[in-house]
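Engineer: One structure, pasted below without further comment.
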Amino acid sequence: MGKLELKNLTFQYPDAAAPVLENLNLTVEEGEFVCILGASGCGKSTLLSILEGLREPTSGSFLINGQEVIGPGPERGVVFQHYSLFPWMTAKQNVIFGIKQVRKDLKKKQLEELAQSYLEKVGLGADGNTMPAQLSGGMQQRVAIARALAMDADILLLDEPFGAVDTRNRRTLQKLVCDLHEIEKKTFLFVTHDVEEAILLADRIVFMTPGHIHQIVDVDIPKPRDYEQIRNDERFVSLRKMLIDLFYEKYADYTLDSMEAKL
Ligand SMILES: Nc1ncnc2c1ncn2[C@@H]1O[C@H](COP(=O)(O)OP(=O)(O)OP(=O)(O)O)[C@@H](O)[C@H]1O
Ligand SMILES: [Mg+2]
C-alpha cells in the first residue's frame with residue numbers, strides 16, 4: 001500500500017519571510033512513478049523532507065493510505081543526492097543496516113543472504129565487501145538504492161539521486177530504476193531537474209515553479225522506455241520541448257547559463 005496525498009500543504013521555514021511551499025495538492029496512486037521537476041530552489045528537497053517525515057507542514061496535511069503522517073516510517077525508503085552510505089561499513093554492511101531497521105527477527109546468515117540478493121538486483125553482487133570510498137559515485141547510489149529496496153518500503157523517495165553521476169552512468173542507473181519499478185511495483189517519487197530524466201522515468205511529471213505545483217503532465221509513452229529508442233520518438237521530442245519551454249517561461253529571471261546547467 002503506497003498512496004500519497006498532499007492536501008493544501010504549505011511549509012514555511014521558521015525565520016523565512018514567506019512560505020517555500022504553498023497550498024500543494026497532489027495524489028500519487030499506489031505503484032505510480034511520479035517525477036517532481038523544477039529548477040534549483042523551487043522547493044523540491046523541502047517537499048521531500050516533509051514526505052520523509054523530517055519536517056512538518058506549517059498547514060495542510062500529508063497522508064499515506066488515508067492516514068495523516070507524523071514523522072518518518074518504515075513504509076518510506078529514501079535515496080538522497082549526496083551519498084548517504086556509512087563510510088566505515090562495507091557495501092553489504094550498509095544494506096544489512098537498512099534491513100535491520102525493519103527486520104529484527106533475522107539471523108546473521110539470513111541478513112547476509114538478503115543483503116546479497118539486493119546487491120545483485122542493482123548489479124553489485126561481487127562488490128559487497130567493498131568500502132564506499134572504493135566505489136564510484138554511481139555504484140554508491142546503487143548501494144543506497146539496494147538499501148532502500150531491502151527495507152521493503154512501499155514508497156521510495158529519491159532526491160536527485162543521479163545528480164552527481166556522469167551522463168553515461170546516469171543512463172544505466174535510470175534503466176535500473178525503470179526496471180526496478182516494473183519489477184517491484186512500488187510507489188516512486190523521484191525529484192529531478194533533468195527534463196529527459198523525468199520523461200524517461202515518470203508516469204506523471206509534476207512541474208514546479210517556486211513554491212507551487214504549476215502543472216501535472218501525463219507521460220503517454222509505453223514502458224519500459226529505452227533512452228536510445230525513445231529520444232527521437234515524436235512524443236518524447238514534443239514533451240521535451242513543452243517542458244523546456246515551460247522552464248524558460250516560468251524561470252525567466254534565470255540566466256541562460258544557469259538554465260542550461262539545469263536542463
Ligand atoms: N533549512 C532551511 N532554512 C531556510 N530556508 C531554506 C532551508 N533549506 C532550504 N531553504 C530555502 O528554501 C527554498 C527551497 O529550497 P530546496 O532545497 O527545497 O530547493 P530545491 O528545489 O531542492 O533546489 P535544488 O534543485 O538546488 O536542490 C530555497 O529558497 C532555499 O534557500
Ligand atoms: Mg534539492
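To be explicit about the labels: the chains of the C-alpha cells are called A, B, and onward in the order shown, and within each one the residues are counted from 1, while ligands get numbers from 1 in the order they are shown.
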Hey, which residues sit close to ligand 1? Say within 9 Å, counting only C-alpha atoms and all ligand atoms, and write them as a VMD selection string.
Structural biologist: chain A and resid 12 to 16 19 to 21 37 to 49 81 159 to 160 191 to 193 208 210 to 211 262
Engineer: Can you write just those residues out, C-alpha atoms, as a compact mmCIF listing (two decimals), in the first residue's frame?
Structural biologist:
# COMPACT_ATOMS: atom_id res chain seq x y z
CA GLN A 12 7.48 27.95 5.81
CA TYR A 13 10.95 27.79 7.34
CA PRO A 14 10.84 29.33 10.84
CA ASP A 15 12.78 32.51 10.08
CA ALA A 16 11.69 32.93 6.46
CA PRO A 19 6.40 30.01 2.62
CA VAL A 20 8.65 27.91 0.35
CA LEU A 21 5.71 25.61 -0.46
CA LEU A 37 10.56 18.57 -11.88
CA GLY A 38 11.65 22.14 -11.22
CA ALA A 39 14.67 24.43 -11.16
CA SER A 40 17.06 24.87 -8.26
CA GLY A 41 15.48 26.45 -5.18
CA CYS A 42 11.83 25.80 -6.12
CA GLY A 43 11.31 23.65 -3.03
CA LYS A 44 11.76 20.06 -4.25
CA SER A 45 14.04 18.91 -1.43
CA THR A 46 11.93 20.71 1.16
CA LEU A 47 8.90 18.81 -0.14
CA LEU A 48 10.79 15.52 0.01
CA SER A 49 11.92 16.21 3.58
CA GLN A 81 21.50 13.20 -3.99
CA ASP A 159 16.03 13.28 -4.33
CA GLU A 160 18.14 13.81 -7.46
CA VAL A 191 12.96 14.56 -7.73
CA THR A 192 14.96 15.83 -10.68
CA HIS A 193 15.74 18.99 -12.61
CA MET A 208 7.00 23.03 -10.03
CA PRO A 210 8.94 28.22 -6.83
CA GLY A 211 6.62 27.05 -4.06
CA LYS A 262 19.74 22.87 -15.00
Engineer: List the neighbours of Gly2 in chain A out to 6 Å using only C-alpha atoms; skip same-chain residues closer than 4 positions along the sequence, and give me the result as a list in words.
Structural biologist: Glu30, Asp154, Ile155 and Thr187 of chain A
Engineer: Counting only C-alpha atoms and all ligand atoms, which residue out of A:Phe80, A:Asn232, A:Asn25, A:Pro222 sits closest to ligand 2?
Structural biologist: A:Phe80
Engineer: Which residues are close to Lys175 in chain A, i.e. within 10 Å by only C-alpha atoms, leaving aside same-chain residues fewer than 6 positions away? Reply as a list in words.
Structural biologist: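 Residues near the query, excluding close chain neighbours: Asn169, His181, Leu200, Leu201, Pro224, Arg225, Asp226 and Tyr227 of chain A.
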Engineer: Per DSSP on the backbone, what are the helix (DSSP H, G or I) residues of range 3-184 of chain A, as a PyMOL selection string?
Structural biologist: chain A and resi 44-52+91-102+108-121+132-134+137-150+167-184
Engineer: From the list A:Leu111, A:Met139, A:Ala17, A:Ala153, which residue is nearest Met1 in chain A when using only C-alpha atoms?
Structural biologist: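 Going through A:Leu111, A:Met139, A:Ala17, A:Ala153 one by one, the smallest distance to Met1 in chain A is for A:Ala153.
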Engineer: Determine the nearest neighbour of ligand 2 from the options A:Arg170, A:Lys92, A:Val177, A:Ile36, counting only C-alpha atoms and all ligand atoms.
Structural biologist: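 Closest candidate: A:Ile36.
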Engineer: Just checking: using only C-alpha atoms and all ligand atoms, which residue out of A:Tyr248, A:Pro161, A:Pro57, A:Lys100 ends up closest to ligand 2?
Structural biologist: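 Distance minimum relative to ligand 2 lands on A:Pro161.
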Engineer: Restricting the calculation to only C-alpha atoms and all ligand atoms: of A:Leu54, A:Met131, A:Leu158, A:Ala126, which residue gets closest to ligand 2?
Structural biologist: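 The shortest atom-to-atom distance to ligand 2 comes from A:Leu158.
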Engineer: Write out as JSON, numbers by chain the residues lying within 10 Å of Glu52 in chain A, counting only C-alpha atoms and excluding same-chain residues fewer than 5 positions away.
Structural biologist: {"A": [46, 47, 69, 70, 71, 72, 73, 75, 76, 77, 78, 155, 156, 157]}
Engineer: Kindly give the distance, in Å, that separates CA of Leu24 in chain A and CA of Arg204 in chain A, rounded to a single decimal.
Structural biologist: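 About the pair CA of Leu24 in chain A and CA of Arg204 in chain A: they are 16.0 Å apart.
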